[in-house]
Structures are given as structure tokens and as C-alpha cells.
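K.L.:
Sharing entry-v1.txt here; it has compact mmCIF, N, CA and C atoms and all ligand atoms.
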```txt
# COMPACT_ATOMS: atom_id res chain seq x y z
N MET A 1 268.36 -37.01 -230.20
CA MET A 1 269.46 -36.21 -230.76
C MET A 1 269.09 -34.72 -230.67
N ASP A 2 269.68 -34.01 -229.72
CA ASP A 2 269.28 -32.63 -229.42
C ASP A 2 269.44 -31.70 -230.61
N ASN A 3 270.54 -31.84 -231.34
CA ASN A 3 270.85 -30.86 -232.38
C ASN A 3 270.49 -31.28 -233.79
N CYS A 4 269.92 -32.47 -233.92
CA CYS A 4 269.56 -32.95 -235.26
C CYS A 4 268.32 -32.19 -235.74
N ILE A 5 268.44 -31.58 -236.91
CA ILE A 5 267.33 -30.74 -237.39
C ILE A 5 266.06 -31.56 -237.65
N PHE A 6 266.23 -32.78 -238.14
CA PHE A 6 265.03 -33.59 -238.40
C PHE A 6 264.40 -34.07 -237.09
N CYS A 7 265.22 -34.38 -236.08
CA CYS A 7 264.65 -34.73 -234.77
C CYS A 7 263.89 -33.53 -234.19
N ARG A 8 264.42 -32.35 -234.41
CA ARG A 8 263.75 -31.14 -233.90
C ARG A 8 262.42 -30.93 -234.63
N ILE A 9 262.40 -31.23 -235.93
CA ILE A 9 261.15 -31.14 -236.69
C ILE A 9 260.15 -32.16 -236.13
N ILE A 10 260.62 -33.38 -235.90
CA ILE A 10 259.73 -34.44 -235.40
C ILE A 10 259.19 -34.09 -234.01
N ARG A 11 260.02 -33.43 -233.20
CA ARG A 11 259.54 -33.00 -231.86
C ARG A 11 258.62 -31.78 -231.93
N GLY A 12 258.50 -31.19 -233.11
CA GLY A 12 257.63 -30.02 -233.27
C GLY A 12 258.31 -28.72 -232.91
N GLU A 13 259.62 -28.72 -232.77
CA GLU A 13 260.35 -27.49 -232.41
C GLU A 13 260.60 -26.61 -233.63
N ILE A 14 260.58 -27.23 -234.81
CA ILE A 14 260.77 -26.51 -236.07
C ILE A 14 259.60 -26.90 -236.97
N PRO A 15 258.97 -25.91 -237.61
CA PRO A 15 257.80 -26.25 -238.44
C PRO A 15 258.18 -27.02 -239.70
N SER A 16 257.23 -27.78 -240.19
CA SER A 16 257.45 -28.52 -241.44
C SER A 16 256.11 -28.67 -242.13
N LYS A 17 256.18 -29.06 -243.39
CA LYS A 17 254.97 -29.29 -244.18
C LYS A 17 254.81 -30.79 -244.31
N THR A 18 254.02 -31.35 -243.40
CA THR A 18 253.87 -32.81 -243.34
C THR A 18 252.83 -33.29 -244.33
N VAL A 19 253.23 -34.17 -245.24
CA VAL A 19 252.26 -34.71 -246.19
C VAL A 19 251.62 -36.00 -245.66
N PHE A 20 252.34 -36.70 -244.78
CA PHE A 20 251.82 -37.97 -244.27
C PHE A 20 252.63 -38.38 -243.05
N GLU A 21 252.00 -39.02 -242.06
CA GLU A 21 252.80 -39.66 -241.01
C GLU A 21 252.09 -40.88 -240.48
N ASN A 22 252.88 -41.80 -239.98
CA ASN A 22 252.33 -42.96 -239.30
C ASN A 22 253.15 -43.17 -238.03
N GLU A 23 253.02 -44.34 -237.40
CA GLU A 23 253.68 -44.55 -236.11
C GLU A 23 255.19 -44.36 -236.20
N HIS A 24 255.80 -44.83 -237.26
CA HIS A 24 257.27 -44.84 -237.34
C HIS A 24 257.89 -43.78 -238.24
N PHE A 25 257.10 -43.20 -239.16
CA PHE A 25 257.69 -42.31 -240.18
C PHE A 25 256.90 -41.02 -240.34
N LYS A 26 257.62 -40.03 -240.83
CA LYS A 26 257.00 -38.78 -241.22
C LYS A 26 257.47 -38.48 -242.64
N ALA A 27 256.55 -37.96 -243.47
CA ALA A 27 256.91 -37.53 -244.82
C ALA A 27 256.57 -36.06 -244.92
N MET A 28 257.55 -35.26 -245.36
CA MET A 28 257.34 -33.80 -245.42
C MET A 28 257.92 -33.25 -246.71
N LEU A 29 257.50 -32.03 -247.06
CA LEU A 29 258.07 -31.36 -248.22
C LEU A 29 259.50 -30.96 -247.93
N ASP A 30 260.37 -31.14 -248.92
CA ASP A 30 261.74 -30.64 -248.81
C ASP A 30 261.69 -29.12 -248.91
N ILE A 31 262.42 -28.46 -248.02
CA ILE A 31 262.40 -26.99 -247.96
C ILE A 31 263.17 -26.38 -249.14
N GLY A 32 264.05 -27.13 -249.72
CA GLY A 32 264.81 -26.66 -250.90
C GLY A 32 264.62 -27.64 -252.04
N PRO A 33 263.38 -27.71 -252.56
CA PRO A 33 263.03 -28.79 -253.48
C PRO A 33 263.80 -28.77 -254.79
N ALA A 34 264.12 -29.95 -255.27
CA ALA A 34 264.73 -30.11 -256.59
C ALA A 34 263.69 -29.85 -257.66
N SER A 35 262.43 -30.10 -257.33
CA SER A 35 261.34 -29.91 -258.29
C SER A 35 260.04 -29.84 -257.48
N ARG A 36 258.97 -29.49 -258.17
CA ARG A 36 257.66 -29.35 -257.51
C ARG A 36 257.19 -30.71 -256.99
N GLY A 37 256.95 -30.79 -255.67
CA GLY A 37 256.46 -32.04 -255.09
C GLY A 37 257.54 -32.91 -254.48
N HIS A 38 258.74 -32.35 -254.31
CA HIS A 38 259.86 -33.09 -253.70
C HIS A 38 259.53 -33.36 -252.21
N VAL A 39 259.51 -34.64 -251.85
CA VAL A 39 259.13 -35.07 -250.50
C VAL A 39 260.28 -35.84 -249.86
N LEU A 40 260.41 -35.72 -248.55
CA LEU A 40 261.38 -36.51 -247.78
C LEU A 40 260.63 -37.43 -246.83
N ILE A 41 261.06 -38.69 -246.77
CA ILE A 41 260.50 -39.64 -245.78
C ILE A 41 261.58 -39.90 -244.75
N MET A 42 261.23 -39.78 -243.47
CA MET A 42 262.24 -40.04 -242.43
C MET A 42 261.62 -40.76 -241.25
N PRO A 43 262.43 -41.60 -240.57
CA PRO A 43 261.91 -42.28 -239.38
C PRO A 43 261.79 -41.29 -238.22
N LYS A 44 260.85 -41.53 -237.33
CA LYS A 44 260.66 -40.65 -236.18
C LYS A 44 261.78 -40.83 -235.15
N GLU A 45 262.38 -42.00 -235.14
CA GLU A 45 263.56 -42.22 -234.27
C GLU A 45 264.79 -41.83 -235.05
N HIS A 46 265.82 -41.37 -234.34
CA HIS A 46 267.04 -40.95 -235.02
C HIS A 46 267.93 -42.13 -235.39
N TYR A 47 268.18 -42.28 -236.68
CA TYR A 47 269.23 -43.17 -237.19
C TYR A 47 269.99 -42.36 -238.23
N SER A 48 271.30 -42.33 -238.13
CA SER A 48 272.08 -41.44 -238.99
C SER A 48 271.98 -41.80 -240.46
N ASN A 49 271.89 -43.08 -240.73
CA ASN A 49 271.90 -43.50 -242.14
C ASN A 49 271.28 -44.90 -242.25
N LEU A 50 271.29 -45.41 -243.45
CA LEU A 50 270.67 -46.71 -243.73
C LEU A 50 271.26 -47.82 -242.88
N PHE A 51 272.56 -47.77 -242.65
CA PHE A 51 273.25 -48.86 -241.97
C PHE A 51 272.92 -48.93 -240.48
N GLU A 52 272.48 -47.81 -239.92
CA GLU A 52 272.13 -47.79 -238.50
C GLU A 52 270.70 -48.25 -238.25
N MET A 53 269.90 -48.28 -239.29
CA MET A 53 268.48 -48.59 -239.09
C MET A 53 268.26 -50.08 -238.86
N PRO A 54 267.37 -50.43 -237.92
CA PRO A 54 267.00 -51.83 -237.78
C PRO A 54 266.37 -52.32 -239.09
N GLU A 55 266.63 -53.57 -239.41
CA GLU A 55 266.17 -54.11 -240.69
C GLU A 55 264.65 -54.01 -240.84
N ALA A 56 263.93 -54.27 -239.75
CA ALA A 56 262.46 -54.25 -239.84
C ALA A 56 261.96 -52.86 -240.17
N LEU A 57 262.63 -51.85 -239.64
CA LEU A 57 262.23 -50.47 -239.93
C LEU A 57 262.59 -50.12 -241.37
N ALA A 58 263.77 -50.53 -241.79
CA ALA A 58 264.19 -50.27 -243.17
C ALA A 58 263.21 -50.91 -244.15
N ALA A 59 262.66 -52.04 -243.76
CA ALA A 59 261.73 -52.76 -244.65
C ALA A 59 260.40 -52.02 -244.82
N GLU A 60 260.13 -51.08 -243.93
CA GLU A 60 258.88 -50.30 -244.06
C GLU A 60 259.02 -49.14 -245.04
N VAL A 61 260.26 -48.80 -245.39
CA VAL A 61 260.50 -47.57 -246.15
C VAL A 61 259.95 -47.66 -247.58
N LEU A 62 260.23 -48.74 -248.27
CA LEU A 62 259.86 -48.79 -249.69
C LEU A 62 258.34 -48.84 -249.90
N PRO A 63 257.59 -49.64 -249.12
CA PRO A 63 256.14 -49.60 -249.29
C PRO A 63 255.56 -48.20 -249.02
N LEU A 64 256.17 -47.51 -248.05
CA LEU A 64 255.71 -46.15 -247.76
C LEU A 64 256.06 -45.22 -248.92
N ALA A 65 257.27 -45.37 -249.45
CA ALA A 65 257.69 -44.55 -250.60
C ALA A 65 256.76 -44.80 -251.79
N GLN A 66 256.36 -46.05 -251.96
CA GLN A 66 255.45 -46.39 -253.06
C GLN A 66 254.13 -45.63 -252.92
N LYS A 67 253.63 -45.58 -251.69
CA LYS A 67 252.36 -44.89 -251.43
C LYS A 67 252.49 -43.38 -251.66
N ILE A 68 253.53 -42.79 -251.09
CA ILE A 68 253.70 -41.33 -251.21
C ILE A 68 253.99 -40.96 -252.67
N ALA A 69 254.83 -41.74 -253.33
CA ALA A 69 255.17 -41.43 -254.73
C ALA A 69 253.92 -41.53 -255.60
N ALA A 70 253.04 -42.47 -255.28
CA ALA A 70 251.79 -42.59 -256.04
C ALA A 70 250.95 -41.32 -255.86
N GLY A 71 250.97 -40.77 -254.64
CA GLY A 71 250.25 -39.51 -254.38
C GLY A 71 250.85 -38.37 -255.17
N VAL A 72 252.17 -38.30 -255.19
CA VAL A 72 252.87 -37.24 -255.93
C VAL A 72 252.56 -37.38 -257.43
N GLN A 73 252.56 -38.62 -257.91
CA GLN A 73 252.27 -38.89 -259.33
C GLN A 73 250.86 -38.41 -259.67
N LYS A 74 249.92 -38.74 -258.78
CA LYS A 74 248.52 -38.36 -259.01
C LYS A 74 248.36 -36.83 -258.97
N ALA A 75 249.08 -36.19 -258.04
CA ALA A 75 248.93 -34.75 -257.86
C ALA A 75 249.52 -33.96 -259.02
N PHE A 76 250.66 -34.38 -259.54
CA PHE A 76 251.40 -33.53 -260.49
C PHE A 76 251.71 -34.17 -261.84
N GLN A 77 251.43 -35.47 -261.98
CA GLN A 77 251.72 -36.18 -263.23
C GLN A 77 253.11 -35.89 -263.81
N PRO A 78 254.15 -36.05 -263.01
CA PRO A 78 255.50 -35.89 -263.57
C PRO A 78 255.78 -37.01 -264.57
N ALA A 79 256.77 -36.78 -265.43
CA ALA A 79 257.15 -37.79 -266.42
C ALA A 79 257.84 -38.97 -265.75
N GLY A 80 258.41 -38.74 -264.57
CA GLY A 80 259.07 -39.81 -263.83
C GLY A 80 259.28 -39.38 -262.38
N ILE A 81 259.63 -40.34 -261.53
CA ILE A 81 259.92 -40.03 -260.13
C ILE A 81 261.19 -40.75 -259.74
N LYS A 82 262.10 -39.98 -259.15
CA LYS A 82 263.39 -40.52 -258.74
C LYS A 82 263.41 -40.67 -257.21
N LEU A 83 263.85 -41.83 -256.73
CA LEU A 83 264.07 -42.01 -255.29
C LEU A 83 265.58 -41.92 -255.05
N VAL A 84 265.97 -41.09 -254.09
CA VAL A 84 267.39 -40.88 -253.79
C VAL A 84 267.58 -41.01 -252.29
N GLN A 85 268.63 -41.72 -251.90
CA GLN A 85 268.90 -41.86 -250.46
C GLN A 85 270.41 -41.83 -250.26
N ASN A 86 270.91 -40.74 -249.70
CA ASN A 86 272.35 -40.52 -249.55
C ASN A 86 272.84 -40.99 -248.19
N ASN A 87 273.97 -41.68 -248.18
CA ASN A 87 274.59 -42.12 -246.92
C ASN A 87 276.01 -41.60 -246.86
N GLY A 88 276.25 -40.66 -245.96
CA GLY A 88 277.58 -40.10 -245.80
C GLY A 88 277.77 -38.83 -246.63
N ALA A 89 278.60 -37.94 -246.10
CA ALA A 89 278.83 -36.64 -246.74
C ALA A 89 279.32 -36.79 -248.17
N MET A 90 280.17 -37.78 -248.41
CA MET A 90 280.72 -37.93 -249.75
C MET A 90 279.66 -38.41 -250.75
N ALA A 91 278.59 -38.97 -250.22
CA ALA A 91 277.47 -39.38 -251.08
C ALA A 91 276.46 -38.25 -251.24
N GLY A 92 276.75 -37.12 -250.59
CA GLY A 92 275.84 -35.98 -250.72
C GLY A 92 274.89 -35.82 -249.55
N GLN A 93 275.10 -36.61 -248.48
CA GLN A 93 274.21 -36.48 -247.31
C GLN A 93 274.60 -35.23 -246.53
N SER A 94 273.63 -34.34 -246.31
CA SER A 94 273.91 -33.12 -245.54
C SER A 94 273.19 -33.14 -244.19
N VAL A 95 272.10 -33.88 -244.08
CA VAL A 95 271.40 -34.03 -242.80
C VAL A 95 271.59 -35.47 -242.35
N MET A 96 272.24 -35.63 -241.21
CA MET A 96 272.66 -36.97 -240.79
C MET A 96 271.57 -37.68 -239.98
N HIS A 97 270.40 -37.68 -240.54
CA HIS A 97 269.23 -38.42 -240.02
C HIS A 97 268.64 -39.07 -241.26
N PHE A 98 268.55 -40.39 -241.26
CA PHE A 98 268.12 -41.11 -242.47
C PHE A 98 266.93 -40.42 -243.13
N HIS A 99 266.98 -40.28 -244.43
CA HIS A 99 265.81 -39.80 -245.18
C HIS A 99 265.90 -40.30 -246.60
N LEU A 100 264.74 -40.51 -247.18
CA LEU A 100 264.62 -40.91 -248.58
C LEU A 100 263.96 -39.75 -249.34
N HIS A 101 264.60 -39.35 -250.43
CA HIS A 101 264.03 -38.29 -251.27
C HIS A 101 263.09 -38.91 -252.30
N ILE A 102 261.93 -38.30 -252.48
CA ILE A 102 261.03 -38.63 -253.59
C ILE A 102 261.01 -37.39 -254.49
N ILE A 103 261.57 -37.53 -255.68
CA ILE A 103 261.79 -36.36 -256.54
C ILE A 103 261.08 -36.53 -257.88
N PRO A 104 260.01 -35.76 -258.08
CA PRO A 104 259.35 -35.80 -259.39
C PRO A 104 260.26 -35.23 -260.47
N CYS A 105 260.23 -35.85 -261.64
CA CYS A 105 261.05 -35.39 -262.77
C CYS A 105 260.11 -35.02 -263.90
N TYR A 106 260.21 -33.79 -264.34
CA TYR A 106 259.31 -33.27 -265.37
C TYR A 106 260.01 -33.20 -266.71
N ASP A 107 259.23 -33.29 -267.76
CA ASP A 107 259.80 -33.22 -269.13
C ASP A 107 260.65 -31.98 -269.29
N GLY A 108 261.82 -32.16 -269.85
CA GLY A 108 262.67 -31.01 -270.16
C GLY A 108 263.50 -30.52 -269.00
N THR A 109 263.37 -31.13 -267.83
CA THR A 109 264.14 -30.69 -266.68
C THR A 109 264.90 -31.87 -266.11
N GLU A 110 266.19 -31.82 -266.23
CA GLU A 110 266.99 -32.93 -265.70
C GLU A 110 267.25 -32.70 -264.21
N VAL A 111 266.98 -33.72 -263.40
CA VAL A 111 267.28 -33.62 -261.97
C VAL A 111 268.47 -34.51 -261.70
N GLY A 112 269.63 -33.91 -261.60
CA GLY A 112 270.83 -34.68 -261.27
C GLY A 112 271.22 -34.29 -259.86
N GLN A 113 272.38 -33.73 -259.70
CA GLN A 113 272.75 -33.11 -258.43
C GLN A 113 272.08 -31.75 -258.45
N TRP A 114 270.97 -31.61 -257.72
CA TRP A 114 270.10 -30.47 -257.95
C TRP A 114 270.54 -29.22 -257.21
N ASN A 115 270.08 -28.09 -257.80
CA ASN A 115 270.22 -26.81 -257.11
C ASN A 115 268.93 -26.57 -256.35
N PRO A 116 269.03 -26.32 -255.05
CA PRO A 116 267.81 -26.15 -254.27
C PRO A 116 266.98 -24.96 -254.74
N GLY A 117 265.67 -25.15 -254.83
CA GLY A 117 264.77 -24.06 -255.14
C GLY A 117 264.48 -23.26 -253.88
N SER A 118 263.71 -22.18 -254.01
CA SER A 118 263.34 -21.39 -252.83
C SER A 118 261.90 -20.95 -252.96
N PRO A 119 260.97 -21.92 -252.86
CA PRO A 119 259.56 -21.59 -253.01
C PRO A 119 259.05 -20.78 -251.81
N SER A 120 258.00 -20.00 -252.05
CA SER A 120 257.38 -19.24 -250.96
C SER A 120 256.56 -20.19 -250.10
N GLY A 121 256.16 -19.72 -248.92
CA GLY A 121 255.30 -20.52 -248.04
C GLY A 121 254.00 -20.88 -248.73
N GLU A 122 253.47 -19.92 -249.52
CA GLU A 122 252.19 -20.17 -250.21
C GLU A 122 252.37 -21.28 -251.26
N GLU A 123 253.48 -21.22 -251.99
CA GLU A 123 253.73 -22.25 -252.99
C GLU A 123 253.84 -23.62 -252.33
N LEU A 124 254.55 -23.68 -251.20
CA LEU A 124 254.69 -24.96 -250.49
C LEU A 124 253.33 -25.43 -249.98
N ASP A 125 252.51 -24.50 -249.50
CA ASP A 125 251.17 -24.88 -249.01
C ASP A 125 250.32 -25.48 -250.12
N GLU A 126 250.46 -24.90 -251.31
CA GLU A 126 249.73 -25.41 -252.47
C GLU A 126 250.15 -26.85 -252.78
N VAL A 127 251.46 -27.07 -252.76
CA VAL A 127 252.00 -28.40 -253.06
C VAL A 127 251.53 -29.38 -251.98
N LEU A 128 251.62 -28.93 -250.73
CA LEU A 128 251.19 -29.75 -249.59
C LEU A 128 249.75 -30.19 -249.75
N ALA A 129 248.87 -29.23 -250.06
CA ALA A 129 247.43 -29.53 -250.18
C ALA A 129 247.19 -30.52 -251.31
N ALA A 130 247.90 -30.34 -252.43
CA ALA A 130 247.67 -31.22 -253.59
C ALA A 130 248.08 -32.65 -253.28
N ILE A 131 249.20 -32.83 -252.59
CA ILE A 131 249.65 -34.20 -252.29
C ILE A 131 248.74 -34.83 -251.24
N LYS A 132 248.38 -34.04 -250.23
CA LYS A 132 247.49 -34.59 -249.18
C LYS A 132 246.16 -35.04 -249.80
N GLU A 133 245.66 -34.24 -250.71
CA GLU A 133 244.39 -34.59 -251.35
C GLU A 133 244.55 -35.87 -252.16
N ALA A 134 245.68 -35.97 -252.84
CA ALA A 134 245.91 -37.17 -253.66
C ALA A 134 246.08 -38.41 -252.79
N LEU A 135 246.54 -38.23 -251.57
CA LEU A 135 246.76 -39.38 -250.67
C LEU A 135 245.51 -39.76 -249.89
N ALA A 136 244.54 -38.84 -249.85
CA ALA A 136 243.36 -39.05 -248.98
C ALA A 136 242.50 -40.20 -249.47
P1 LIG A 201 270.66 -34.79 -248.11
O1 LIG A 201 271.59 -33.89 -248.87
O2 LIG A 201 270.35 -36.08 -248.80
O3 LIG A 201 271.11 -34.98 -246.67
O4 LIG A 201 269.28 -34.02 -248.08
C1 LIG A 201 268.90 -33.15 -247.06
C2 LIG A 201 267.67 -32.45 -247.54
O5 LIG A 201 267.02 -31.89 -246.42
C3 LIG A 201 267.95 -31.30 -248.53
O6 LIG A 201 267.29 -31.57 -249.77
C4 LIG A 201 267.38 -30.08 -247.82
O7 LIG A 201 266.75 -29.18 -248.69
C5 LIG A 201 266.40 -30.70 -246.83
N1 LIG A 201 266.15 -29.92 -245.63
C6 LIG A 201 267.07 -29.36 -244.81
N2 LIG A 201 266.47 -28.71 -243.80
C7 LIG A 201 265.12 -28.89 -243.98
C8 LIG A 201 263.97 -28.47 -243.27
N3 LIG A 201 264.05 -27.73 -242.16
N4 LIG A 201 262.76 -28.82 -243.75
C9 LIG A 201 262.66 -29.57 -244.88
N5 LIG A 201 263.71 -29.99 -245.59
C10 LIG A 201 264.93 -29.66 -245.16
ZN ZN A 202 267.66 -36.97 -235.94
```
Please lay out the structure from this file as C-alpha cells.
P.N.:
Amino acid sequence: MDNCIFCRIIRGEIPSKTVFENEHFKAMLDIGPASRGHVLIMPKEHYSNLFEMPEALAAEVLPLAQKIAAGVQKAFQPAGIKLVQNNGAMAGQSVMHFHLHIIPCYDGTEVGQWNPGSPSGEELDEVLAAIKEALA
């Protein structure tokens, strides 16, 4: 998919903060995080949404989310972690390449339909290093 922003990230045409990758998936920091440690998991092949994904690939998503979320939990000790996966514009999907959000929820901060943050590169690097260390 030439114009898909996540495909372009996967091809290395656009930089990203990768916390983890394996043969089929990449996990990176969300550029407009709902909270500190917000991560996106996406397949390396383009599928627009959950319904387009082969079942075997979809079955890999939750175990991977479990692993990454455990790293986020270890790194930042949020009070909770929300997994969100939007399908279709009306569901809030803005990037039409399947992705699962891992969103840490901290005491006193409600994460509903979130307003994107705008962290600096240094702040994102700090978050990246903490999660990578927790996953190592
Ligand atoms: P959704 O609304 O579920 O489609 O979520 C798309 C997410 O992708 C949003 O949370 C954006 O902040 C995030 N996003 C968009 N462009 C980038 C990018 N270049 N790098 C990292 N995250 C991005
Ligand atoms: Zn794509």
C-alpha cells in the first residue's frame, strides 16, 4: 500500500519509535499518545482492519499485546491498561491499517476518547528506552 502511513513506517520511509518487532508485527510508540507509554501493535503486511486479517495472524495479536502490555506495566506501573482496536471511521479509526492500541491508565486521569498529546522527541526516547528495558 503506497500511501498507507503505517506501511511507509514499516518500509522505513518514515521514522518511528519501535519498542518491539518480530516476523509478523511491529510495536511502536503512538506519536500522539493518550498517556505515557501508549503503544500501537500492527502487522507488517497491510490489512485495513480486523475483518481483513487472516485468522492465524489475528490469533497472534493478543499474546503479543499481553507481552508488550506487561512491559508497559513494568516500566510505568499504571493503575490499569486499556486495549483499544478501532474498525472503520465511525468507530474512530483514522489510520486504515490494522492496529491495536495499548493505553496505560493512570490514577486521576480518565482515558476515554483521548486528546492526543504532543511529547518531544526526547520524551518519546525516554519512554522508548523504559519499555525496551522492561521487555529485555
Ligand atoms: P486510530 O484512530 O485507532 O486509527 O489510531 C491511529 C493512531 O495512530 C493515533 O493514535 C495516532 O496518534 C497514531 N499515529 C498516526 N500517525 C502516526 C505515526 N507516524 N507514528 C506513530 N503513531 C501515529
Ligand atoms: Zn498499510
K.L.:
List all protein, DNA and RNA residues that have at least one atom no more than 10 Å from any atom of ligand LIG 201 (chain A), counting only C-alpha atoms and all ligand atoms, and write them as an NGL selection string.
P.N.:
:A and (5-6 or 8-9 or 14-18 or 27-34 or 38-40 or 49 or 84-89 or 91-101 or 103 or 113-118)
K.L.:
Quick one: of A:Ala75, A:Ile41, A:Ala69, A:Ala56, who's nearest to Ala129 (chain A), counting only N, CA and C atoms?
P.N.:
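Using only N, CA and C atoms, Ala129 (chain A) sits closest to A:Ala75.
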K.L.:
Can you check which residues of chain A DSSP gives as strand (DSSP E or B) on the backbone and send them as an MDAnalysis selection string?
P.N.:
chainID A and resid 18:21 25:29 39:43 80:84 100:105
K.L.:
For a quick check of understanding, using only C-alpha atoms, which of A:Ala130, A:Ile102, A:Ala136, A:Leu57 has the smallest distance to Lys44 (chain A)?
P.N.:
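Closest residue, counting only C-alpha atoms: A:Leu57.
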K.L.:
Taking into account only C-alpha atoms, which residue in the set A:His46, A:Gly12, A:Pro104, A:Glu126 is nearest to Lys74 (chain A)?
P.N.:
A:Pro104
K.L.:
Tell me, in Å to one decimal, how far CA of Tyr106 (chain A) is from CA of Pro63 (chain A).
P.N.:
23.1 Å
K.L.:
Just asking: which residues within chain A are helix (DSSP H, G or I) according to DSSP, as JSON, numbers by chain?
P.N.:
{"A": [5, 6, 7, 8, 9, 10, 50, 51, 52, 55, 56, 57, 58, 59, 60, 61, 62, 63, 64, 65, 66, 67, 68, 69, 70, 71, 72, 73, 74, 75, 76, 89, 90, 91, 121, 122, 123, 124, 125, 126, 127, 128, 129, 130, 131, 132, 133, 134, 135]}
K.L.:
Could you state the separation of atom C of Pro78 (chain A) and atom N of Gly108 (chain A) in Å, given to one decimal place?
P.N.:
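Taking atom C of Pro78 (chain A) as the start and atom N of Gly108 (chain A) as the end point, the length is 9.4 Å.
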K.L.:
Do you know which residues are at most 10 Å from Leu64 (chain A) counting only C-alpha atoms, after dropping those on the same chain fewer than 5 positions away, and could you put them as number ranges by chain?
P.N.:
A: 20-22, 25-27, 41, 59, 69-70
K.L.:
What gap, in Å, lies between CA of Gln73 (chain A) and atom C of Ile10 (chain A)?
P.N.:
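Result for CA of Gln73 (chain A) versus atom C of Ile10 (chain A): 26.7 Å, one decimal.
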K.L.:
Between A:Glu23, A:Asp2, A:Glu133, A:Glu60, which has the minimum distance to ligand ZN 202 (chain A) (counting all atoms listed in the file)?
P.N.:
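Comparing A:Glu23, A:Asp2, A:Glu133, A:Glu60 against ligand ZN 202 (chain A), the winner is A:Asp2.
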K.L.:
Select, from A:Glu45, A:Glu123, A:Glu55, A:Asp107, the residue with the minimum atom-to-atom distance to ligand ZN 202 (chain A), counting all atoms listed in the file.
P.N.:
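When distances to ligand ZN 202 (chain A) are compared using all atoms listed in the file, the smallest one comes from A:Glu45.
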K.L.:
Of the residues A:Ile131, A:Cys7, A:Leu50, A:Ala79, which is the one nearest to ligand ZN 202 (chain A), using all atoms listed in the file?
P.N.:
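Going through A:Ile131, A:Cys7, A:Leu50, A:Ala79 one by one, the smallest distance to ligand ZN 202 (chain A) is for A:Cys7.
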